[in-house]
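*Asks:* For reference, this is structure-v5.txt, and it has compact mmCIF, C-alpha atoms (C1' of nucleotides).
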# COMPACT_ATOMS: atom_id res chain seq x y z
CA MET A 1 56.93 26.60 -146.06
CA ASN A 2 55.12 25.05 -148.99
CA GLU A 3 55.31 21.30 -149.13
CA GLY A 4 55.72 21.30 -152.89
CA VAL A 5 59.18 22.80 -152.55
CA GLU A 6 60.60 19.46 -151.53
CA TRP A 7 58.90 17.67 -154.41
CA ALA A 8 60.03 20.30 -156.88
CA LEU A 9 63.65 20.07 -155.80
CA HIS A 10 63.68 16.30 -156.10
CA SER A 11 61.99 16.57 -159.50
CA CYS A 12 64.56 19.06 -160.75
CA LEU A 13 67.36 16.82 -159.59
CA ASN A 14 65.82 13.89 -161.42
CA LEU A 15 65.38 15.94 -164.56
CA ALA A 16 69.04 16.87 -164.36
CA TRP A 17 69.82 13.19 -164.91
CA MET A 18 67.56 12.81 -167.92
CA GLU A 19 69.90 14.32 -170.51
CA GLY A 20 67.17 16.50 -171.95
CA LYS A 21 64.55 13.77 -172.20
CA ALA A 22 61.09 14.96 -171.13
CA VAL A 23 59.41 13.30 -168.14
CA THR A 24 55.72 13.60 -167.37
CA ALA A 25 54.37 14.79 -164.04
CA THR A 26 52.59 11.47 -163.64
CA ARG A 27 55.84 9.58 -163.98
CA LEU A 28 57.66 11.76 -161.48
CA ALA A 29 54.78 11.54 -159.03
CA ALA A 30 54.65 7.75 -159.26
CA HIS A 31 58.37 7.65 -158.51
CA TYR A 32 57.76 9.18 -155.07
CA ASP A 33 54.15 8.06 -154.60
CA LEU A 34 52.80 11.62 -154.68
CA PRO A 35 49.49 13.04 -155.94
CA SER A 36 50.32 13.60 -159.58
CA ALA A 37 47.84 16.40 -160.26
CA TYR A 38 49.23 18.48 -157.44
CA LEU A 39 52.83 17.90 -158.45
CA ASN A 40 51.81 18.94 -161.95
CA LYS A 41 50.57 22.20 -160.49
CA GLN A 42 53.92 22.87 -158.82
CA LEU A 43 55.84 22.10 -161.98
CA GLN A 44 53.61 24.49 -163.91
CA THR A 45 54.74 27.21 -161.54
CA LEU A 46 58.35 26.36 -162.31
CA VAL A 47 57.57 26.66 -166.02
CA LYS A 48 56.18 30.15 -165.46
CA ALA A 49 59.34 31.01 -163.56
CA GLY A 50 61.46 29.90 -166.51
CA ILE A 51 63.11 27.01 -164.68
CA LEU A 52 61.41 24.24 -166.65
CA THR A 53 59.93 23.90 -170.12
CA SER A 54 56.87 21.81 -170.88
CA THR A 55 55.71 19.86 -173.92
CA SER A 56 52.18 18.66 -174.48
CA GLY A 57 51.00 15.51 -176.15
CA PRO A 58 52.56 12.05 -176.41
CA LYS A 59 56.24 11.89 -175.53
CA GLY A 60 55.65 15.22 -173.79
CA GLY A 61 56.49 16.24 -170.25
CA PHE A 62 58.86 18.56 -168.41
CA ARG A 63 62.55 19.21 -168.82
CA LEU A 64 65.05 21.69 -167.46
CA ALA A 65 65.06 25.05 -169.20
CA ARG A 66 68.69 25.81 -168.31
CA GLU A 67 71.85 23.96 -167.48
CA PRO A 68 71.70 22.44 -163.97
CA GLY A 69 74.60 24.67 -162.98
CA GLU A 70 72.49 27.70 -163.77
CA ILE A 71 69.61 26.70 -161.48
CA SER A 72 70.12 27.44 -157.82
CA VAL A 73 68.07 25.98 -155.00
CA LEU A 74 67.01 29.54 -154.21
CA ASP A 75 65.56 29.89 -157.71
CA VAL A 76 63.22 26.96 -157.08
CA VAL A 77 62.24 28.15 -153.61
CA VAL A 78 61.54 31.68 -154.78
CA ALA A 79 59.49 30.43 -157.71
CA LEU A 80 57.17 28.51 -155.39
CA GLU A 81 57.21 30.64 -152.25
CA GLY A 82 57.34 34.09 -153.78
CA ALA A 83 60.11 36.65 -153.66
CA GLU A 84 58.96 38.63 -150.64
CA ASP A 85 60.49 37.97 -147.24
CA ALA A 86 58.83 35.64 -144.77
CA PHE A 87 58.98 38.42 -142.19
CA ARG A 88 56.92 41.24 -143.61
CA CYS A 89 57.42 44.49 -141.73
CA GLU A 90 54.04 46.17 -141.37
CA GLN A 91 55.72 49.37 -140.25
CA VAL A 92 53.91 49.60 -136.95
CA LEU A 93 56.23 52.43 -135.95
CA ARG A 94 54.39 54.63 -138.41
CA ASP A 95 51.33 54.62 -136.14
CA ALA A 96 53.36 54.97 -132.95
CA PRO A 97 53.90 58.32 -131.20
CA GLY A 98 56.65 60.14 -133.08
CA GLY A 99 56.16 58.03 -136.19
CA ARG A 100 56.53 59.76 -139.55
CA ALA A 101 54.63 58.87 -142.69
CA ASP A 102 57.53 59.80 -144.95
CA VAL A 103 59.91 57.25 -143.47
CA ASP A 104 60.28 53.72 -144.87
CA TYR A 105 60.44 51.76 -141.64
CA ARG A 106 61.21 48.58 -143.52
CA LYS A 107 64.69 50.05 -143.81
CA ALA A 108 64.81 52.34 -140.79
CA CYS A 109 63.42 49.99 -138.13
CA LEU A 110 66.18 48.02 -136.44
CA ILE A 111 63.94 45.04 -135.84
CA SER A 112 63.16 44.92 -139.54
CA GLN A 113 66.86 45.20 -140.32
CA THR A 114 67.67 42.29 -138.03
CA MET A 115 65.09 40.01 -139.59
CA ARG A 116 66.14 41.12 -143.02
CA SER A 117 69.81 40.37 -142.54
CA ALA A 118 68.93 36.93 -141.20
CA GLU A 119 66.87 36.16 -144.27
CA LEU A 120 69.68 37.45 -146.41
CA ALA A 121 72.03 34.91 -144.84
CA TRP A 122 69.45 32.21 -145.58
CA ARG A 123 69.16 33.29 -149.19
CA ARG A 124 72.92 33.41 -149.60
CA GLU A 125 73.20 29.77 -148.57
CA LEU A 126 70.52 28.63 -150.98
CA ALA A 127 71.79 30.76 -153.84
CA ALA A 128 75.25 29.23 -153.54
CA ARG A 129 73.97 25.72 -154.17
CA THR A 130 72.89 24.64 -157.65
CA ILE A 131 71.15 21.57 -159.00
CA ALA A 132 74.45 20.59 -160.58
CA ASP A 133 76.09 20.63 -157.14
CA LEU A 134 73.43 18.31 -155.80
CA ARG A 135 73.76 15.97 -158.76
CA ARG A 136 77.53 15.79 -158.34
CA ASP A 137 77.39 15.17 -154.59
CA VAL A 138 74.69 12.51 -154.82
CA GLU A 139 76.59 10.71 -157.59
CA GLN A 140 79.73 10.82 -155.47
CA ARG A 141 78.00 9.44 -152.40
CA HIS A 142 75.89 6.86 -154.25
CA PRO A 143 77.67 5.95 -157.50
CA GLY A 144 75.24 4.87 -160.21
CA ALA A 145 72.26 6.57 -158.60
CA GLY A 146 71.79 8.82 -161.60
CA GLU A 147 71.92 5.90 -164.00
CA ARG A 148 69.34 3.99 -161.95
CA THR A 149 67.03 6.98 -161.74
CA ARG A 150 67.25 7.59 -165.46
CA THR A 151 66.33 4.01 -166.33
CA ALA A 152 63.54 4.00 -163.74
CA LEU A 153 62.03 7.11 -165.30
CA THR A 154 62.58 5.89 -168.86
CA THR A 155 61.21 2.37 -168.48
CA PRO A 156 57.64 2.10 -169.81
CA LYS A 157 55.05 1.94 -167.09
CA SER A 158 53.96 -1.55 -166.08
CA MET B 1 55.60 34.01 -140.87
CA ASN B 2 53.24 34.94 -138.13
CA GLU B 3 52.34 38.60 -138.03
CA GLY B 4 52.43 38.70 -134.25
CA VAL B 5 56.21 38.21 -134.31
CA GLU B 6 56.70 41.83 -135.27
CA TRP B 7 54.36 43.05 -132.56
CA ALA B 8 55.98 40.82 -129.96
CA LEU B 9 59.47 42.07 -130.77
CA HIS B 10 58.41 45.69 -130.51
CA SER B 11 56.61 44.93 -127.28
CA CYS B 12 59.67 43.25 -125.78
CA LEU B 13 61.81 46.20 -126.76
CA ASN B 14 59.38 48.56 -125.09
CA LEU B 15 59.30 46.44 -121.96
CA ALA B 16 63.07 46.59 -121.87
CA TRP B 17 62.74 50.33 -121.31
CA MET B 18 60.24 50.03 -118.48
CA GLU B 19 62.71 49.23 -115.70
CA GLY B 20 60.60 46.34 -114.47
CA LYS B 21 57.32 48.23 -114.45
CA ALA B 22 54.43 46.14 -115.75
CA VAL B 23 52.58 47.29 -118.87
CA THR B 24 49.19 45.99 -119.93
CA ALA B 25 48.49 44.48 -123.32
CA THR B 26 45.89 47.16 -123.91
CA ARG B 27 48.45 49.89 -123.35
CA LEU B 28 50.99 48.33 -125.69
CA ALA B 29 48.36 47.76 -128.35
CA ALA B 30 47.16 51.36 -128.16
CA HIS B 31 50.75 52.51 -128.65
CA TYR B 32 50.85 50.89 -132.10
CA ASP B 33 47.13 50.97 -132.86
CA LEU B 34 46.80 47.19 -132.81
CA PRO B 35 43.94 44.87 -131.79
CA SER B 36 44.61 44.53 -128.07
CA ALA B 37 42.98 41.14 -127.55
CA TYR B 38 45.10 39.56 -130.23
CA LEU B 39 48.30 41.10 -128.95
CA ASN B 40 47.35 39.79 -125.54
CA LYS B 41 47.20 36.32 -127.02
CA GLN B 42 50.70 36.63 -128.44
CA LEU B 43 52.09 37.88 -125.15
CA GLN B 44 50.49 34.95 -123.37
CA THR B 45 52.49 32.67 -125.63
CA LEU B 46 55.66 34.49 -124.59
CA VAL B 47 54.71 33.95 -120.94
CA LYS B 48 54.40 30.21 -121.55
CA ALA B 49 57.81 30.28 -123.19
CA GLY B 50 59.31 31.93 -120.11
CA ILE B 51 60.22 35.17 -121.84
CA LEU B 52 57.66 37.35 -120.06
CA THR B 53 55.88 37.25 -116.74
CA SER B 54 52.32 38.38 -116.23
CA THR B 55 50.42 39.91 -113.32
CA SER B 56 46.66 40.06 -113.04
CA GLY B 57 44.50 42.76 -111.51
CA PRO B 58 45.02 46.51 -111.17
CA LYS B 59 48.58 47.70 -111.76
CA GLY B 60 49.10 44.37 -113.49
CA GLY B 61 50.43 43.63 -116.95
CA PHE B 62 53.49 42.09 -118.58
CA ARG B 63 57.18 42.49 -117.87
CA LEU B 64 60.38 40.80 -119.01
CA ALA B 65 61.18 37.56 -117.23
CA ARG B 66 64.94 37.86 -117.84
CA GLU B 67 67.52 40.54 -118.44
CA PRO B 68 67.20 41.99 -121.98
CA GLY B 69 70.69 40.69 -122.71
CA GLU B 70 69.45 37.16 -122.05
CA ILE B 71 66.60 37.33 -124.56
CA SER B 72 67.57 36.80 -128.17
CA VAL B 73 65.42 37.65 -131.15
CA LEU B 74 65.45 33.95 -131.96
CA ASP B 75 63.90 33.17 -128.58
CA VAL B 76 60.91 35.33 -129.43
CA VAL B 77 60.56 33.95 -132.94
CA VAL B 78 60.77 30.34 -131.79
CA ALA B 79 58.24 30.96 -129.03
CA LEU B 80 55.66 32.16 -131.56
CA GLU B 81 56.54 30.15 -134.66
CA GLY B 82 57.54 26.87 -133.07
CA ALA B 83 60.92 25.19 -132.97
CA GLU B 84 60.61 23.01 -136.05
CA ASP B 85 62.17 24.10 -139.32
CA ALA B 86 60.15 25.90 -141.95
CA PHE B 87 61.28 23.31 -144.47
CA ARG B 88 59.98 19.98 -143.22
CA CYS B 89 61.52 17.03 -145.00
CA GLU B 90 58.80 14.47 -145.63
CA GLN B 91 61.38 11.88 -146.59
CA VAL B 92 59.96 11.21 -150.01
CA LEU B 93 63.04 9.15 -150.80
CA ARG B 94 61.70 6.47 -148.48
CA ASP B 95 58.95 5.68 -151.00
CA ALA B 96 61.23 5.97 -154.01
CA PRO B 97 62.82 2.92 -155.68
CA GLY B 98 65.79 1.92 -153.58
CA GLY B 99 64.52 3.77 -150.53
CA ARG B 100 65.08 2.16 -147.16
CA ALA B 101 62.78 2.41 -144.19
CA ASP B 102 65.65 2.31 -141.69
CA VAL B 103 67.34 5.45 -142.98
CA ASP B 104 66.59 8.91 -141.59
CA TYR B 105 66.45 10.89 -144.81
CA ARG B 106 66.16 14.14 -142.91
CA LYS B 107 69.87 13.72 -142.34
CA ALA B 108 70.85 11.58 -145.32
CA CYS B 109 69.07 13.50 -148.09
CA LEU B 110 71.30 16.17 -149.58
CA ILE B 111 68.36 18.41 -150.36
CA SER B 112 67.29 18.27 -146.76
CA GLN B 113 70.85 19.03 -145.68
CA THR B 114 70.98 22.06 -147.92
CA MET B 115 67.76 23.51 -146.59
CA ARG B 116 68.81 22.69 -143.06
CA SER B 117 72.14 24.46 -143.27
CA ALA B 118 70.43 27.53 -144.70
CA GLU B 119 67.99 27.65 -141.83
CA LEU B 120 70.88 27.18 -139.45
CA ALA B 121 72.51 30.31 -140.84
CA TRP B 122 69.22 32.13 -140.35
CA ARG B 123 68.97 30.98 -136.76
CA ARG B 124 72.55 31.94 -136.05
CA GLU B 125 71.89 35.51 -137.10
CA LEU B 126 68.82 35.82 -134.93
CA ALA B 127 70.41 34.11 -131.95
CA ALA B 128 73.31 36.55 -132.01
CA ARG B 129 71.04 39.56 -131.53
CA THR B 130 69.45 40.25 -128.16
CA ILE B 131 66.81 42.69 -126.98
CA ALA B 132 69.59 44.55 -125.18
CA ASP B 133 71.41 45.00 -128.49
CA LEU B 134 68.33 46.48 -130.07
CA ARG B 135 67.76 48.80 -127.12
CA ARG B 136 71.34 50.04 -127.24
CA ASP B 137 71.34 50.63 -131.01
CA VAL B 138 68.00 52.42 -131.00
CA GLU B 139 69.10 54.65 -128.13
CA GLN B 140 72.30 55.45 -129.99
CA ARG B 141 70.51 56.33 -133.19
CA HIS B 142 67.61 58.19 -131.56
CA PRO B 143 68.79 59.56 -128.19
CA GLY B 144 65.97 59.88 -125.69
CA ALA B 145 63.73 57.40 -127.49
CA GLY B 146 63.68 55.10 -124.49
CA GLU B 147 62.79 57.93 -122.14
CA ARG B 148 59.97 59.07 -124.41
CA THR B 149 58.60 55.54 -124.76
CA ARG B 150 58.69 55.00 -121.02
CA THR B 151 56.76 58.17 -120.27
CA ALA B 152 54.28 57.40 -123.08
CA LEU B 153 53.57 53.99 -121.59
CA THR B 154 53.48 55.29 -118.01
CA THR B 155 51.24 58.32 -118.52
CA PRO B 156 47.64 57.57 -117.50
CA LYS B 157 45.36 57.01 -120.42
CA SER B 158 43.45 60.06 -121.58
C1' DG C 1 43.09 57.15 -85.95
C1' DA C 2 44.28 52.23 -87.02
C1' DG C 3 43.08 47.78 -88.47
C1' DT C 4 39.95 44.71 -90.82
C1' DT C 5 36.69 43.55 -94.17
C1' DA C 6 33.85 43.90 -98.30
C1' DT C 7 33.64 45.93 -102.69
C1' DT C 8 35.02 47.09 -107.13
C1' DA C 9 37.43 47.84 -111.11
C1' DC C 10 40.90 45.94 -113.74
C1' DT C 11 43.90 42.31 -115.89
C1' DC C 12 45.13 38.03 -117.79
C1' DG C 13 43.58 33.46 -119.70
C1' DG C 14 41.36 30.34 -122.43
C1' DA C 15 37.36 29.08 -125.25
C1' DT C 16 35.08 30.37 -129.48
C1' DA C 17 34.18 32.19 -134.49
C1' DA C 18 35.80 34.33 -139.19
C1' DT C 19 39.04 34.74 -142.66
C1' DC C 20 42.77 33.47 -145.69
C1' DG C 21 46.24 30.47 -147.79
C1' DT C 22 47.59 26.03 -148.75
C1' DT C 23 46.35 21.41 -150.32
C1' DG C 24 43.99 18.52 -153.37
C1' DT C 25 41.00 17.32 -157.51
C1' DC C 26 38.96 17.51 -161.95
C1' DC C 27 38.04 18.25 -166.79
C1' DG C 28 39.01 20.76 -171.18
C1' DA C 29 42.48 22.67 -174.95
C1' DG C 30 46.20 21.46 -177.56
C1' DT C 31 49.62 18.39 -179.54
C1' DA C 32 52.18 14.86 -181.72
C1' DG C 33 52.49 10.30 -182.96
C1' DG C 34 50.35 6.53 -185.44
C1' DA C 35 46.87 4.33 -188.31
C1' DT C 36 44.57 4.49 -192.62
C1' DA C 37 43.45 5.20 -197.19
C1' DG C 38 44.86 6.65 -201.66
C1' DG C 39 48.26 7.08 -205.37
C1' DC D 1 55.94 0.97 -201.48
C1' DC D 2 55.44 6.04 -200.46
C1' DT D 3 52.69 10.04 -199.04
C1' DA D 4 49.13 12.82 -197.23
C1' DT D 5 45.23 13.01 -194.22
C1' DC D 6 42.57 11.85 -190.29
C1' DC D 7 42.17 10.05 -185.85
C1' DT D 8 43.28 8.95 -181.32
C1' DA D 9 45.56 8.84 -177.10
C1' DC D 10 48.20 11.50 -174.18
C1' DT D 11 49.91 15.71 -171.73
C1' DC D 12 49.79 20.15 -169.86
C1' DG D 13 46.95 24.06 -168.17
C1' DG D 14 43.82 26.38 -165.57
C1' DA D 15 39.37 26.38 -163.11
C1' DC D 16 37.08 24.47 -159.03
C1' DA D 17 36.47 22.42 -154.08
C1' DA D 18 38.20 20.88 -149.15
C1' DC D 19 41.04 21.38 -145.45
C1' DG D 20 43.84 23.63 -141.94
C1' DA D 21 46.27 27.47 -139.93
C1' DT D 22 46.32 32.05 -138.91
C1' DT D 23 43.71 36.05 -137.43
C1' DA D 24 40.40 38.07 -134.58
C1' DT D 25 36.99 38.37 -130.76
C1' DC D 26 34.59 37.71 -126.49
C1' DC D 27 33.57 36.64 -121.75
C1' DG D 28 34.87 34.45 -117.29
C1' DA D 29 38.45 33.59 -113.21
C1' DG D 30 41.47 35.81 -110.37
C1' DT D 31 43.69 39.74 -108.13
C1' DA D 32 45.03 43.83 -105.80
C1' DA D 33 43.91 48.39 -104.77
C1' DT D 34 40.34 51.07 -102.61
C1' DA D 35 36.65 52.43 -99.86
C1' DA D 36 33.87 51.60 -96.01
C1' DC D 37 33.13 50.05 -91.48
C1' DT D 38 34.24 48.80 -86.78
C1' DC D 39 36.91 49.30 -82.56
Have the structure of the file written as structure tokens, please.
*Replies:*
Amino acid sequence: MNEGVEWALHSCLNLAWMEGKAVTATRLAAHYDLPSAYLNKQLQTLVKAGILTSTSGPKGGFRLAREPGEISVLDVVVALEGAEDAFRCEQVLRDAPGGRADVDYRKACLISQTMRSAELAWRRELAARTIADLRRDVEQRHPGAGERTRTALTTPKS
Amino acid sequence: MNEGVEWALHSCLNLAWMEGKAVTATRLAAHYDLPSAYLNKQLQTLVKAGILTSTSGPKGGFRLAREPGEISVLDVVVALEGAEDAFRCEQVLRDAPGGRADVDYRKACLISQTMRSAELAWRRELAARTIADLRRDVEQRHPGAGERTRTALTTPKS
DNA sequence: GAGTTATTACTCGGATAATCGTTGTCCGAGTAGGATAGG
DNA sequence: CCTATCCTACTCGGACAACGATTATCCGAGTAATAACTC
């Protein structure tokens, strides 16, 4: 899985604490000591997916496009990894003896079905968890964490 | 995900119908019109993982190392893809303000926990399904499929 | 005819290239704030 | 002092390179069946 997924999720969580204030990719990258240009690239992808909005120029940056409760972890993963399943059925049965060209073996093949139902369970877990859930749970476990993050990302760079 | 996973699963299912008779990689590859040398490589990996056994020389080939009921789909996937999770937490929080070096953020970070529990659900699904299950369900849906496959793989090459 | 030996064809196994996707970097287009000059 | 214009610094956005993993291929080591040879 793409490394940027982790960065993107942390970035979204941080943006959820910013009360609509824009944060630049450089600032977010510095917060985790990451290559800023590459993080910028990931966030661009999230913009295209409609999860973030971007503003150019001074005081510009990224912010959440929707309420944190309307952004699931799955949304972020799908935006960066693509919507197709990790297990891609190449329909080898089509070339096997007795295989038919008019059958969609992605649905007929039992092996494909097994892999598919497993990925469905994975997706269900991620779809049930939103950025708002993460924000709430982190705040509950570490009270004041959101406040500290917001000030850290708002304070002018040294 | 590795392409060879699909081939390996089909191969294991076919071997489950062979009643202990060895089948060569070339024969299995021809059955699905696959590159035989590459399939051979995948099957070697399954041998190292203890899922298959191999025999050299004439009348040699691969056969299942255990009863089909003792081989889960997850076993095959893990053998080829590795045991580590697809989402690897790089513990970016360690470099963030307030991060501690003595904390294992793979367990403490809520994002990591979320991804981990999703992958756990995925694994659970695959672990619950064995090669024997697949064999039974295919035979039930397409009676005589096992018999046909066995004769196809036993018949001398043309 | 039976046993033993040498041959031979066949299979796995690992070492070796080619291809593709991910990772990382850079510079240009566009923007908004701020300085400046004029009224 | 207020306003309009110009300038400048800053940010995103997409194009461009480097790296690594997956995909694919080839040839050698080992093996067991087979054929030949001897008794």
*Asks:* Taking only C-alpha atoms (C1' of nucleotides) into account, find every residue of chain A that has an atom no more than 7 Å from chain D, and write it out as a list of chain:residue names.
*Replies:*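 Residues satisfying the distance criterion: A:Ser56, A:Gly57, A:Pro58, A:Gly60, A:Gly61.
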*Asks:* Give me the chain A side of the contact with chain C, cut-off 12 Å, one line per residue showing its nearest atom pair and distance in Å at one decimal, counting only C-alpha atoms (C1' of nucleotides), sorted by chain and residue number, as JSON lines.
*Replies:*
{"residue": "A:Met1", "atom": "CA", "partner": "C:DT22", "partner_atom": "C1'", "distance": 9.7}
{"residue": "A:Asn2", "atom": "CA", "partner": "C:DT22", "partner_atom": "C1'", "distance": 7.6}
{"residue": "A:Glu3", "atom": "CA", "partner": "C:DT23", "partner_atom": "C1'", "distance": 9.0}
{"residue": "A:Gly4", "atom": "CA", "partner": "C:DT23", "partner_atom": "C1'", "distance": 9.7}
{"residue": "A:Leu34", "atom": "CA", "partner": "C:DG24", "partner_atom": "C1'", "distance": 11.3}
{"residue": "A:Pro35", "atom": "CA", "partner": "C:DG24", "partner_atom": "C1'", "distance": 8.2}
{"residue": "A:Ser36", "atom": "CA", "partner": "C:DG24", "partner_atom": "C1'", "distance": 10.1}
{"residue": "A:Ala37", "atom": "CA", "partner": "C:DT25", "partner_atom": "C1'", "distance": 7.4}
{"residue": "A:Tyr38", "atom": "CA", "partner": "C:DG24", "partner_atom": "C1'", "distance": 6.6}
{"residue": "A:Leu39", "atom": "CA", "partner": "C:DG24", "partner_atom": "C1'", "distance": 10.2}
{"residue": "A:Asn40", "atom": "CA", "partner": "C:DG24", "partner_atom": "C1'", "distance": 11.6}
{"residue": "A:Lys41", "atom": "CA", "partner": "C:DG24", "partner_atom": "C1'", "distance": 10.4}
{"residue": "A:Gln42", "atom": "CA", "partner": "C:DT23", "partner_atom": "C1'", "distance": 11.5}
{"residue": "A:Ser54", "atom": "CA", "partner": "C:DT31", "partner_atom": "C1'", "distance": 11.8}
{"residue": "A:Thr55", "atom": "CA", "partner": "C:DT31", "partner_atom": "C1'", "distance": 8.4}
{"residue": "A:Ser56", "atom": "CA", "partner": "C:DT31", "partner_atom": "C1'", "distance": 5.7}
{"residue": "A:Gly57", "atom": "CA", "partner": "C:DT31", "partner_atom": "C1'", "distance": 4.7}
{"residue": "A:Pro58", "atom": "CA", "partner": "C:DA32", "partner_atom": "C1'", "distance": 6.0}
{"residue": "A:Lys59", "atom": "CA", "partner": "C:DA32", "partner_atom": "C1'", "distance": 8.0}
{"residue": "A:Gly60", "atom": "CA", "partner": "C:DA32", "partner_atom": "C1'", "distance": 8.7}
{"residue": "A:Gly61", "atom": "CA", "partner": "C:DT31", "partner_atom": "C1'", "distance": 11.8}
{"residue": "A:Leu80", "atom": "CA", "partner": "C:DT22", "partner_atom": "C1'", "distance": 11.9}
{"residue": "A:Glu81", "atom": "CA", "partner": "C:DT22", "partner_atom": "C1'", "distance": 11.2}
*Asks:* Identify which of the residues A:Ala127, A:Ala65, A:Leu28, A:Val92 lies closest to chain B, counting only C-alpha atoms when measuring atom-to-atom distances.
*Replies:*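 Nearest candidate to chain B out of A:Ala127, A:Ala65, A:Leu28, A:Val92: A:Val92.
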*Asks:* Which value, in Å to one decimal, gives the distance between CA of Glu19 in chain A and CA of Leu126 in chain A?
*Replies:*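 For CA of Glu19 in chain A relative to CA of Leu126 in chain A, the distance reads 24.2 Å.
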*Asks:* Got a sec to pull out which chain A residues are within 9 Å of chain B, counting all atoms listed in the file, and send them as a PyMOL selection string?
*Replies:* chain A and resi 1-3+5-7+9-10+30-34+73+85-90+92-97+109-112+114-115+117-126+129+134+137-138+149+152
*Asks:* In terms of the shortest atom-to-atom distance over all atoms listed in the file, which of B:Ala25, B:Ala132, B:Leu43, B:Ala108 is closest to Glu67 in chain B?
*Replies:*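 Going through B:Ala25, B:Ala132, B:Leu43, B:Ala108 one by one, the smallest distance to Glu67 in chain B is for B:Ala132.
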*Asks:* Could you tell me how far CA of Glu147 in chain A lies from CA of Leu64 in chain A, in Å and to one decimal?
*Replies:* 17.6 Å
*Asks:* Find the distance between CA of Asp102 in chain A and CA of Gly144 in chain B and write it in Å to one decimal.
*Replies:*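 Result for CA of Asp102 in chain A versus CA of Gly144 in chain B: 21.0 Å, one decimal.
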